[in-house]
>>> print(open('final38.pdb').read())   # PDB, C-alpha atoms
MODEL        1
ATOM      1  CA  ALA P  15     -19.499  36.469  26.800  1.00  0.00           C
ATOM      2  CA  GLY P  16     -19.120  37.627  30.400  1.00  0.00           C
ATOM      3  CA  VAL P  17     -22.155  35.695  31.671  1.00  0.00           C
ATOM      4  CA  ALA P  18     -22.702  32.875  34.148  1.00  0.00           C
ATOM      5  CA  ILE P  19     -22.532  29.338  32.732  1.00  0.00           C
ATOM      6  CA  VAL P  20     -24.657  26.330  33.642  1.00  0.00           C
ATOM      7  CA  VAL P  21     -23.761  23.102  31.820  1.00  0.00           C
ATOM      8  CA  ALA P  22     -26.471  20.551  31.010  1.00  0.00           C
ATOM      9  CA  ILE P  23     -25.084  17.212  29.791  1.00  0.00           C
ATOM     10  CA  THR P  24     -27.790  15.634  27.648  1.00  0.00           C
ATOM     11  CA  LYS P  25     -28.656  12.057  26.621  1.00  0.00           C
ATOM     12  CA  CYS P  26     -27.552  10.727  30.014  1.00  0.00           C
ATOM     13  CA  ASP P  27     -30.147   7.946  29.738  1.00  0.00           C
ATOM     14  CA  LYS P  28     -28.247   6.237  26.901  1.00  0.00           C
ATOM     15  CA  PRO P  29     -26.599   2.959  27.928  1.00  0.00           C
ATOM     16  CA  GLY P  30     -22.819   3.004  28.056  1.00  0.00           C
ATOM     17  CA  VAL P  31     -22.555   6.796  28.135  1.00  0.00           C
ATOM     18  CA  ASN P  32     -19.324   8.015  29.770  1.00  0.00           C
ATOM     19  CA  ILE P  33     -20.246  11.130  31.768  1.00  0.00           C
ATOM     20  CA  ASN P  34     -16.788  11.413  33.322  1.00  0.00           C
ATOM     21  CA  ALA P  35     -15.214  11.645  29.867  1.00  0.00           C
ATOM     22  CA  VAL P  36     -17.565  14.497  28.999  1.00  0.00           C
ATOM     23  CA  LYS P  37     -16.691  16.327  32.204  1.00  0.00           C
ATOM     24  CA  THR P  38     -12.988  15.824  31.549  1.00  0.00           C
ATOM     25  CA  GLY P  39     -13.496  17.326  28.118  1.00  0.00           C
ATOM     26  CA  LEU P  40     -15.236  20.334  29.678  1.00  0.00           C
ATOM     27  CA  LEU P  41     -12.268  20.850  31.970  1.00  0.00           C
ATOM     28  CA  GLY P  42     -10.106  20.871  28.869  1.00  0.00           C
ATOM     29  CA  LEU P  43     -12.194  23.813  27.613  1.00  0.00           C
ATOM     30  CA  ASP P  44     -11.261  25.802  30.730  1.00  0.00           C
ATOM     31  CA  LEU P  45     -14.667  25.362  32.369  1.00  0.00           C
ATOM     32  CA  PRO P  46     -14.110  25.104  36.153  1.00  0.00           C
ATOM     33  CA  LEU P  47     -16.801  22.609  37.176  1.00  0.00           C
ATOM     34  CA  GLU P  48     -18.222  22.763  40.702  1.00  0.00           C
ATOM     35  CA  GLU P  49     -17.423  19.157  41.563  1.00  0.00           C
ATOM     36  CA  PHE P  50     -13.781  19.863  40.769  1.00  0.00           C
ATOM     37  CA  GLY P  51     -13.630  22.961  42.923  1.00  0.00           C
ATOM     38  CA  GLY P  52     -14.841  25.481  40.344  1.00  0.00           C
ATOM     39  CA  ASP P  53     -17.964  27.611  40.080  1.00  0.00           C
ATOM     40  CA  VAL P  54     -19.701  26.140  37.004  1.00  0.00           C
ATOM     41  CA  PRO P  55     -22.620  23.845  37.952  1.00  0.00           C
ATOM     42  CA  VAL P  56     -23.202  20.700  35.899  1.00  0.00           C
ATOM     43  CA  VAL P  57     -26.540  18.886  35.615  1.00  0.00           C
ATOM     44  CA  GLU P  58     -27.009  15.500  33.971  1.00  0.00           C
ATOM     45  CA  VAL P  59     -30.276  15.446  32.007  1.00  0.00           C
ATOM     46  CA  SER P  60     -32.317  13.442  29.518  1.00  0.00           C
ATOM     47  CA  ALA P  61     -35.018  15.059  27.398  1.00  0.00           C
ATOM     48  CA  LYS P  62     -36.414  11.596  26.647  1.00  0.00           C
ATOM     49  CA  THR P  63     -36.963  10.449  30.236  1.00  0.00           C
ATOM     50  CA  GLY P  64     -37.076  13.810  32.023  1.00  0.00           C
ATOM     51  CA  LEU P  65     -34.031  12.910  34.111  1.00  0.00           C
ATOM     52  CA  GLY P  66     -32.534  15.956  35.833  1.00  0.00           C
ATOM     53  CA  MET P  67     -34.986  18.517  34.427  1.00  0.00           C
ATOM     54  CA  GLY P  68     -36.198  19.549  37.864  1.00  0.00           C
ATOM     55  CA  GLU P  69     -32.617  19.908  39.086  1.00  0.00           C
ATOM     56  CA  LEU P  70     -31.749  21.978  36.018  1.00  0.00           C
ATOM     57  CA  GLN P  71     -34.648  24.371  36.667  1.00  0.00           C
ATOM     58  CA  THR P  72     -33.612  24.695  40.301  1.00  0.00           C
ATOM     59  CA  THR P  73     -29.991  25.365  39.344  1.00  0.00           C
ATOM     60  CA  LEU P  74     -30.991  28.047  36.853  1.00  0.00           C
ATOM     61  CA  GLY P  75     -33.293  29.635  39.422  1.00  0.00           C
ATOM     62  CA  LEU P  76     -30.522  29.748  42.014  1.00  0.00           C
ATOM     63  CA  GLN P  77     -28.141  31.327  39.505  1.00  0.00           C
ATOM     64  CA  ALA P  78     -30.724  33.970  38.566  1.00  0.00           C
ATOM     65  CA  GLU P  79     -31.399  34.733  42.228  1.00  0.00           C
ATOM     66  CA  ALA P  80     -27.707  34.947  43.125  1.00  0.00           C
ATOM     67  CA  LEU P  81     -27.007  37.283  40.194  1.00  0.00           C
ATOM     68  CA  GLU P  82     -30.211  39.275  40.857  1.00  0.00           C
ATOM     69  CA  LEU P  83     -31.345  38.869  37.268  1.00  0.00           C
ATOM     70  CA  ARG P  84     -34.530  40.770  36.493  1.00  0.00           C
ATOM     71  CA  SER P  85     -36.511  41.320  33.322  1.00  0.00           C
ATOM     72  CA  ARG P  86     -38.920  44.055  32.263  1.00  0.00           C
ATOM     73  CA  VAL P  87     -42.502  43.135  31.482  1.00  0.00           C
ATOM     74  CA  ASP P  88     -43.849  46.604  30.618  1.00  0.00           C
ATOM     75  CA  CYS P  89     -42.361  46.696  27.103  1.00  0.00           C
ATOM     76  CA  ASP P  90     -42.632  45.054  23.702  1.00  0.00           C
ATOM     77  CA  ALA P  91     -41.683  41.404  23.839  1.00  0.00           C
ATOM     78  CA  GLU P  92     -38.260  40.137  22.862  1.00  0.00           C
ATOM     79  CA  GLY P  93     -36.972  36.591  22.790  1.00  0.00           C
ATOM     80  CA  VAL P  94     -34.478  34.151  21.299  1.00  0.00           C
ATOM     81  CA  VAL P  95     -35.231  31.259  18.969  1.00  0.00           C
ATOM     82  CA  VAL P  96     -34.128  27.972  20.529  1.00  0.00           C
ATOM     83  CA  GLU P  97     -35.234  25.710  17.679  1.00  0.00           C
ATOM     84  CA  ALA P  98     -37.383  25.815  14.550  1.00  0.00           C
ATOM     85  CA  HIS P  99     -38.963  23.186  12.326  1.00  0.00           C
ATOM     86  CA  MET P 100     -41.702  22.592   9.767  1.00  0.00           C
ATOM     87  CA  GLU P 101     -44.828  20.770  10.874  1.00  0.00           C
ATOM     88  CA  ARG P 102     -47.446  19.457   8.492  1.00  0.00           C
ATOM     89  CA  GLY P 103     -50.696  21.386   8.815  1.00  0.00           C
ATOM     90  CA  GLN P 104     -49.111  24.220  10.802  1.00  0.00           C
ATOM     91  CA  GLY P 105     -46.141  25.332   8.712  1.00  0.00           C
ATOM     92  CA  PRO P 106     -43.076  26.929  10.321  1.00  0.00           C
ATOM     93  CA  LEU P 107     -42.929  26.582  14.100  1.00  0.00           C
ATOM     94  CA  ALA P 108     -40.331  28.277  16.295  1.00  0.00           C
ATOM     95  CA  THR P 109     -39.589  27.497  19.922  1.00  0.00           C
ATOM     96  CA  VAL P 110     -38.827  30.872  21.495  1.00  0.00           C
ATOM     97  CA  LEU P 111     -37.548  31.746  24.970  1.00  0.00           C
ATOM     98  CA  ILE P 112     -39.003  35.120  25.980  1.00  0.00           C
ATOM     99  CA  SER P 113     -36.382  37.422  27.533  1.00  0.00           C
ATOM    100  CA  ARG P 114     -38.476  40.542  28.207  1.00  0.00           C
ATOM    101  CA  GLY P 115     -42.010  41.818  27.779  1.00  0.00           C
ATOM    102  CA  ASN P 116     -45.119  39.742  27.133  1.00  0.00           C
ATOM    103  CA  LEU P 117     -45.655  38.036  23.779  1.00  0.00           C
ATOM    104  CA  LYS P 118     -49.332  37.806  22.865  1.00  0.00           C
ATOM    105  CA  VAL P 119     -51.355  36.053  20.197  1.00  0.00           C
ATOM    106  CA  GLY P 120     -51.930  38.464  17.321  1.00  0.00           C
ATOM    107  CA  ALA P 121     -48.671  40.375  17.768  1.00  0.00           C
ATOM    108  CA  VAL P 122     -46.638  41.187  14.650  1.00  0.00           C
ATOM    109  CA  VAL P 123     -43.073  39.930  15.037  1.00  0.00           C
ATOM    110  CA  ALA P 124     -39.772  40.044  13.184  1.00  0.00           C
ATOM    111  CA  VAL P 125     -37.634  36.954  13.758  1.00  0.00           C
ATOM    112  CA  GLY P 126     -34.219  37.074  12.153  1.00  0.00           C
ATOM    113  CA  SER P 127     -34.896  37.281   8.427  1.00  0.00           C
ATOM    114  CA  GLN P 128     -38.488  36.037   8.866  1.00  0.00           C
ATOM    115  CA  TRP P 129     -41.660  37.728  10.079  1.00  0.00           C
ATOM    116  CA  GLY P 130     -45.313  37.005  10.759  1.00  0.00           C
ATOM    117  CA  ARG P 131     -48.301  37.530  12.983  1.00  0.00           C
ATOM    118  CA  VAL P 132     -48.455  35.225  15.990  1.00  0.00           C
ATOM    119  CA  LYS P 133     -51.268  32.780  15.241  1.00  0.00           C
ATOM    120  CA  SER P 134     -50.904  30.643  18.344  1.00  0.00           C
ATOM    121  CA  LEU P 135     -48.666  30.095  21.352  1.00  0.00           C
ATOM    122  CA  ARG P 136     -48.088  26.640  22.796  1.00  0.00           C
ATOM    123  CA  ALA P 137     -46.413  25.896  26.110  1.00  0.00           C
ATOM    124  CA  PRO P 138     -44.039  22.908  26.571  1.00  0.00           C
ATOM    125  CA  SER P 139     -46.969  21.034  28.140  1.00  0.00           C
ATOM    126  CA  LEU P 140     -48.678  21.352  24.711  1.00  0.00           C
ATOM    127  CA  ALA P 141     -51.373  23.543  26.267  1.00  0.00           C
ATOM    128  CA  GLY P 142     -52.388  26.612  24.283  1.00  0.00           C
ATOM    129  CA  VAL P 143     -51.714  29.987  25.918  1.00  0.00           C
ATOM    130  CA  THR P 144     -52.514  33.555  24.887  1.00  0.00           C
ATOM    131  CA  THR P 145     -49.574  35.300  26.577  1.00  0.00           C
ATOM    132  CA  ALA P 146     -45.977  34.347  27.363  1.00  0.00           C
ATOM    133  CA  GLY P 147     -43.771  36.352  29.727  1.00  0.00           C
ATOM    134  CA  PRO P 148     -40.045  36.468  30.535  1.00  0.00           C
ATOM    135  CA  GLY P 149     -38.470  33.064  31.059  1.00  0.00           C
ATOM    136  CA  SER P 150     -41.300  31.277  29.251  1.00  0.00           C
ATOM    137  CA  PRO P 151     -40.470  28.911  26.374  1.00  0.00           C
ATOM    138  CA  VAL P 152     -43.299  28.826  23.833  1.00  0.00           C
ATOM    139  CA  VAL P 153     -43.854  27.377  20.372  1.00  0.00           C
ATOM    140  CA  VAL P 154     -44.855  30.196  18.018  1.00  0.00           C
ATOM    141  CA  SER P 155     -46.854  29.647  14.833  1.00  0.00           C
ATOM    142  CA  GLY P 156     -47.776  32.142  12.133  1.00  0.00           C
ATOM    143  CA  LEU P 157     -44.312  32.875  10.735  1.00  0.00           C
ATOM    144  CA  LYS P 158     -43.745  33.150   6.980  1.00  0.00           C
ATOM    145  CA  GLY P 159     -40.645  30.972   7.052  1.00  0.00           C
ATOM    146  CA  LEU P 160     -38.169  29.132   9.262  1.00  0.00           C
ATOM    147  CA  PRO P 161     -35.913  31.315  11.434  1.00  0.00           C
ATOM    148  CA  GLY P 162     -32.554  30.085  12.621  1.00  0.00           C
ATOM    149  CA  ALA P 163     -31.556  29.009  16.128  1.00  0.00           C
ATOM    150  CA  GLY P 164     -30.275  32.070  17.965  1.00  0.00           C
ATOM    151  CA  ASP P 165     -32.322  34.544  15.912  1.00  0.00           C
ATOM    152  CA  LEU P 166     -33.885  37.376  17.909  1.00  0.00           C
ATOM    153  CA  LEU P 167     -37.655  37.788  18.046  1.00  0.00           C
ATOM    154  CA  THR P 168     -38.968  41.324  18.429  1.00  0.00           C
ATOM    155  CA  VAL P 169     -42.508  42.706  18.393  1.00  0.00           C
ATOM    156  CA  VAL P 170     -42.930  45.474  15.815  1.00  0.00           C
ATOM    157  CA  SER P 171     -45.635  48.042  15.186  1.00  0.00           C
ATOM    158  CA  SER P 172     -46.965  46.838  11.831  1.00  0.00           C
ATOM    159  CA  GLU P 173     -46.696  44.210   9.128  1.00  0.00           C
ATOM    160  CA  ASP P 174     -45.050  46.747   6.808  1.00  0.00           C
ATOM    161  CA  ARG P 175     -42.314  47.338   9.386  1.00  0.00           C
ATOM    162  CA  ALA P 176     -41.852  43.580   9.905  1.00  0.00           C
ATOM    163  CA  ARG P 177     -41.702  42.967   6.154  1.00  0.00           C
ATOM    164  CA  THR P 178     -39.107  45.732   5.679  1.00  0.00           C
ATOM    165  CA  LEU P 179     -36.914  44.327   8.470  1.00  0.00           C
ATOM    166  CA  SER P 180     -37.257  40.825   7.037  1.00  0.00           C
ATOM    167  CA  GLU P 181     -36.252  41.888   3.525  1.00  0.00           C
ATOM    168  CA  MET P 182     -33.258  43.867   4.810  1.00  0.00           C
ATOM    169  CA  ARG P 183     -32.028  40.993   6.973  1.00  0.00           C
ATOM    170  CA  THR P 184     -32.605  38.488   4.158  1.00  0.00           C
ATOM    171  CA  ARG P 185     -30.437  40.530   1.797  1.00  0.00           C
ATOM    172  CA  ARG P 186     -27.671  40.748   4.391  1.00  0.00           C
ATOM    173  CA  SER P 187     -27.891  37.027   5.136  1.00  0.00           C
ATOM    174  CA  GLU P 188     -27.820  36.090   1.435  1.00  0.00           C
ATOM    175  CA  GLU P 189     -24.874  38.395   0.766  1.00  0.00           C
ATOM    176  CA  ALA P 190     -22.935  36.895   3.675  1.00  0.00           C
ATOM    177  CA  ARG P 191     -23.768  33.340   2.556  1.00  0.00           C
ATOM    178  CA  HIS P 192     -22.839  34.010  -1.069  1.00  0.00           C
ATOM    179  CA  ASN P 193     -19.581  35.664  -0.026  1.00  0.00           C
ATOM    180  CA  GLU P 194     -18.703  32.695   2.167  1.00  0.00           C
ATOM    181  CA  MET P 195     -19.552  30.190  -0.554  1.00  0.00           C
ATOM    182  CA  ALA P 196     -17.582  32.196  -3.140  1.00  0.00           C
ATOM    183  CA  ARG P 197     -14.578  32.286  -0.795  1.00  0.00           C
ATOM    184  CA  THR P 198     -14.812  28.542  -0.192  1.00  0.00           C
ATOM    185  CA  LYS P 199     -15.197  27.856  -3.931  1.00  0.00           C
ATOM    186  CA  THR P 200     -12.149  29.982  -4.731  1.00  0.00           C
ATOM    187  CA  GLU P 201     -10.083  28.189  -2.107  1.00  0.00           C
ATOM    188  CA  ALA P 202     -11.227  24.788  -3.379  1.00  0.00           C
ATOM    189  CA  GLU P 203     -10.423  25.686  -6.992  1.00  0.00           C
ATOM    190  CA  THR P 204      -6.988  26.983  -5.979  1.00  0.00           C
ATOM    191  CA  GLN P 205      -6.242  23.797  -4.039  1.00  0.00           C
ATOM    192  CA  ALA P 206      -7.441  21.667  -6.968  1.00  0.00           C
ATOM    193  CA  ARG P 207      -5.207  23.510  -9.453  1.00  0.00           C
ATOM    194  CA  GLU P 208      -2.229  23.203  -7.136  1.00  0.00           C
ATOM    195  CA  ARG P 209      -2.849  19.487  -6.679  1.00  0.00           C
ATOM    196  CA  VAL P 210      -3.262  18.875 -10.427  1.00  0.00           C
ATOM    197  CA  ALA P 211       0.014  20.704 -11.079  1.00  0.00           C
ATOM    198  CA  ALA P 212       1.745  18.740  -8.321  1.00  0.00           C
ATOM    199  CA  GLU P 213       0.407  15.419  -9.625  1.00  0.00           C
ATOM    200  CA  ALA P 214       1.627  16.270 -13.135  1.00  0.00           C
ATOM    201  CA  GLN P 215       5.137  16.780 -11.775  1.00  0.00           C
ATOM    202  CA  ASP P 216       4.969  13.872  -9.344  1.00  0.00           C
ATOM    203  CA  PRO P 217       2.697  11.076 -10.729  1.00  0.00           C
ATOM    204  CA  ASP P 218       3.434   8.795  -7.762  1.00  0.00           C
ATOM    205  CA  GLY P 219       2.159  11.442  -5.348  1.00  0.00           C
ATOM    206  CA  ARG P 220       5.066  11.005  -2.963  1.00  0.00           C
ATOM    207  CA  GLY P 221       5.907  14.687  -2.853  1.00  0.00           C
ATOM    208  CA  ILE P 222       2.348  15.986  -2.691  1.00  0.00           C
ATOM    209  CA  LYS P 223       1.548  17.539   0.649  1.00  0.00           C
ATOM    210  CA  GLY P 224      -1.821  18.134   2.313  1.00  0.00           C
ATOM    211  CA  PRO P 225      -5.102  16.207   2.061  1.00  0.00           C
ATOM    212  CA  ARG P 226      -7.641  16.430  -0.714  1.00  0.00           C
ATOM    213  CA  GLN P 227     -10.724  18.486   0.226  1.00  0.00           C
ATOM    214  CA  LEU P 228     -14.280  17.156   0.081  1.00  0.00           C
ATOM    215  CA  ASN P 229     -16.757  20.069   0.008  1.00  0.00           C
ATOM    216  CA  LEU P 230     -20.218  19.356   1.424  1.00  0.00           C
ATOM    217  CA  ILE P 231     -23.545  21.139   1.904  1.00  0.00           C
ATOM    218  CA  VAL P 232     -25.463  20.005   5.006  1.00  0.00           C
ATOM    219  CA  LYS P 233     -29.259  20.394   5.177  1.00  0.00           C
ATOM    220  CA  ALA P 234     -31.460  19.078   8.009  1.00  0.00           C
ATOM    221  CA  ASP P 235     -35.010  19.381   9.344  1.00  0.00           C
ATOM    222  CA  VAL P 236     -34.001  21.417  12.436  1.00  0.00           C
ATOM    223  CA  ASP P 237     -31.069  23.672  13.356  1.00  0.00           C
ATOM    224  CA  GLY P 238     -29.848  21.405  16.153  1.00  0.00           C
ATOM    225  CA  ALA P 239     -29.544  18.465  13.773  1.00  0.00           C
ATOM    226  CA  ALA P 240     -27.783  20.605  11.147  1.00  0.00           C
ATOM    227  CA  GLU P 241     -25.245  21.829  13.687  1.00  0.00           C
ATOM    228  CA  ALA P 242     -24.629  18.306  14.993  1.00  0.00           C
ATOM    229  CA  LEU P 243     -24.238  16.933  11.461  1.00  0.00           C
ATOM    230  CA  ARG P 244     -21.853  19.721  10.506  1.00  0.00           C
ATOM    231  CA  HIS P 245     -19.688  18.974  13.519  1.00  0.00           C
ATOM    232  CA  ALA P 246     -19.828  15.215  12.901  1.00  0.00           C
ATOM    233  CA  VAL P 247     -18.902  15.278   9.204  1.00  0.00           C
ATOM    234  CA  THR P 248     -16.128  17.826   9.796  1.00  0.00           C
ATOM    235  CA  ASN P 249     -14.520  15.375  12.205  1.00  0.00           C
ATOM    236  CA  LEU P 250     -14.580  12.635   9.529  1.00  0.00           C
ATOM    237  CA  GLY P 251     -11.551  14.178   7.822  1.00  0.00           C
ATOM    238  CA  SER P 252      -8.355  12.147   7.644  1.00  0.00           C
ATOM    239  CA  GLU P 253      -4.747  12.730   6.671  1.00  0.00           C
ATOM    240  CA  SER P 254      -5.556  11.991   3.028  1.00  0.00           C
ATOM    241  CA  VAL P 255      -9.016  13.616   2.710  1.00  0.00           C
ATOM    242  CA  GLY P 256     -10.257  16.699   4.535  1.00  0.00           C
ATOM    243  CA  VAL P 257     -13.954  17.594   4.918  1.00  0.00           C
ATOM    244  CA  ASN P 258     -15.083  21.179   4.379  1.00  0.00           C
ATOM    245  CA  VAL P 259     -18.734  22.118   5.052  1.00  0.00           C
ATOM    246  CA  VAL P 260     -19.451  24.909   2.585  1.00  0.00           C
ATOM    247  CA  TYR P 261     -22.932  25.656   3.980  1.00  0.00           C
ATOM    248  CA  SER P 262     -25.346  24.228   6.539  1.00  0.00           C
ATOM    249  CA  GLY P 263     -28.966  25.124   7.063  1.00  0.00           C
ATOM    250  CA  VAL P 264     -32.548  23.995   7.590  1.00  0.00           C
ATOM    251  CA  GLY P 265     -34.934  22.825   4.872  1.00  0.00           C
ATOM    252  CA  PRO P 266     -34.937  20.766   1.683  1.00  0.00           C
ATOM    253  CA  VAL P 267     -31.963  20.694  -0.675  1.00  0.00           C
ATOM    254  CA  SER P 268     -32.371  23.480  -3.228  1.00  0.00           C
TER     255      SER P 268
ENDMDL
END
>>> encode(input="final38.pdb", output="structure tokens")
Amino acid sequence: AGVAIVVAITKCDKPGVNINAVKTGLLGLDLPLEEFGGDVPVVEVSAKTGLGMGELQTTLGLQAEALELRSRVDCDAEGVVVEAHMERGQGPLATVLISRGNLKVGAVVAVGSQWGRVKSLRAPSLAGVTTAGPGSPVVVSGLKGLPGAGDLLTVVSSEDRARTLSEMRTRRSEEARHNEMARTKTEAETQARERVAAEAQDPDGRGIKGPRQLNLIVKADVDGAAEALRHAVTNLGSESVGVNVVYSGVGPVS
């Protein structure tokens, strides 16, 4: 992406964790880590205990200062969704990192294929705030549905504009998802027909090549869990059975 990289290795508080193995794996991904003579800083952290969080903030600050990163504040707010989940009594909540401008309570926003009017802003300390500026992570309530991790948040002029953007993005997202699922279904049906034909000619299965495919749909309560589950189940494939995740997302099975 042509940007600076800071690696945070999480869950370092877990007993028996092998940090050196993780770092070796990062080297295998062509990431030149600082402790091995490269320029990519690595910080060991734990969200549960708070280990390394101060060091991570300092490292990010040093990177921003060295690269002279600046952000505008005199413009409509923009940000990126880090995580989203449903919470009883509050509905959809999205953790957003503001990249420019100031996000205020009452602003109308479009977030990916969702939209809404900001009902409340909550800082990581759980304290309520009325404004969030660049670099501030805040939990946003008031959205009509759950956005996805990585979705862009933008302030728009009216609810009509937000609704129009949401509907357009929803159509595009649904078309892309349906096309992907149709492609996967076609591939699965083709593989099944080929295997049935091969088994008819070779009942013992000695000449049949390639694993059977198990198609799965992964749904979770948050994007991070869905992504982790998708990665985990994909790696469960073996020489005899392959795992193919047809779709992964957030929410109940529908």
>>> closest_residue(input="final38.pdb", among="P:Lys25, P:Glu101, P:Gln77, P:Val153", to="P:Ala141", atoms="only C-alpha atoms")
P:Val153
>>> resolve_selection(input="final38.pdb", expression="the PyMOL selection byres ((chain P and resi 96-98) around 7)", output="ChimeraX atom specification")
/P:94-95,99,107-111,160-164,236-237
>>> write_last_selection(input="final38.pdb", atoms="C-alpha atoms", output="PDB file, keeping the file's coordinate frame")
ATOM      1  CA  VAL P  94     -34.478  34.151  21.299  1.00  0.00           C
ATOM      2  CA  VAL P  95     -35.231  31.259  18.969  1.00  0.00           C
ATOM      3  CA  HIS P  99     -38.963  23.186  12.326  1.00  0.00           C
ATOM      4  CA  LEU P 107     -42.929  26.582  14.100  1.00  0.00           C
ATOM      5  CA  ALA P 108     -40.331  28.277  16.295  1.00  0.00           C
ATOM      6  CA  THR P 109     -39.589  27.497  19.922  1.00  0.00           C
ATOM      7  CA  VAL P 110     -38.827  30.872  21.495  1.00  0.00           C
ATOM      8  CA  LEU P 111     -37.548  31.746  24.970  1.00  0.00           C
ATOM      9  CA  LEU P 160     -38.169  29.132   9.262  1.00  0.00           C
ATOM     10  CA  PRO P 161     -35.913  31.315  11.434  1.00  0.00           C
ATOM     11  CA  GLY P 162     -32.554  30.085  12.621  1.00  0.00           C
ATOM     12  CA  ALA P 163     -31.556  29.009  16.128  1.00  0.00           C
ATOM     13  CA  GLY P 164     -30.275  32.070  17.965  1.00  0.00           C
ATOM     14  CA  VAL P 236     -34.001  21.417  12.436  1.00  0.00           C
ATOM     15  CA  ASP P 237     -31.069  23.672  13.356  1.00  0.00           C
TER      16      ASP P 237
END
>>> resolve_selection(input="final38.pdb", expression="the PyMOL selection byres ((chain P and resi 243) around 12)", output="ChimeraX atom specification")
/P:230-242,244-250,259,261-264
>>> atom_distance(input="final38.pdb", atom1="atom CA of P:Ala137", atom2="atom CA of P:Asp165")
19.4 Å
>>> closest_residue(input="final38.pdb", among="P:Leu41, P:Leu140, P:Ala146, P:Leu81", to="P:Ala18", atoms="all atoms listed in the file")
P:Leu81
>>> atom_distance(input="final38.pdb", atom1="atom CA of P:Val17", atom2="atom CA of P:Gly75")
14.9 Å
>>> residues_around(input="final38.pdb", residues="P:Met182", least_positions_apart="6", cutoff="12 Å", atoms="all atoms listed in the file", output="PyMOL selection string")
chain P and resi 124+126-129+175-176+188-189
>>> resolve_selection(input="final38.pdb", expression="the PyMOL selection byres ((chain P and resi 47-50) around 12)", output="PyMOL selection string")
chain P and resi 19-22+34+36-46+51-57
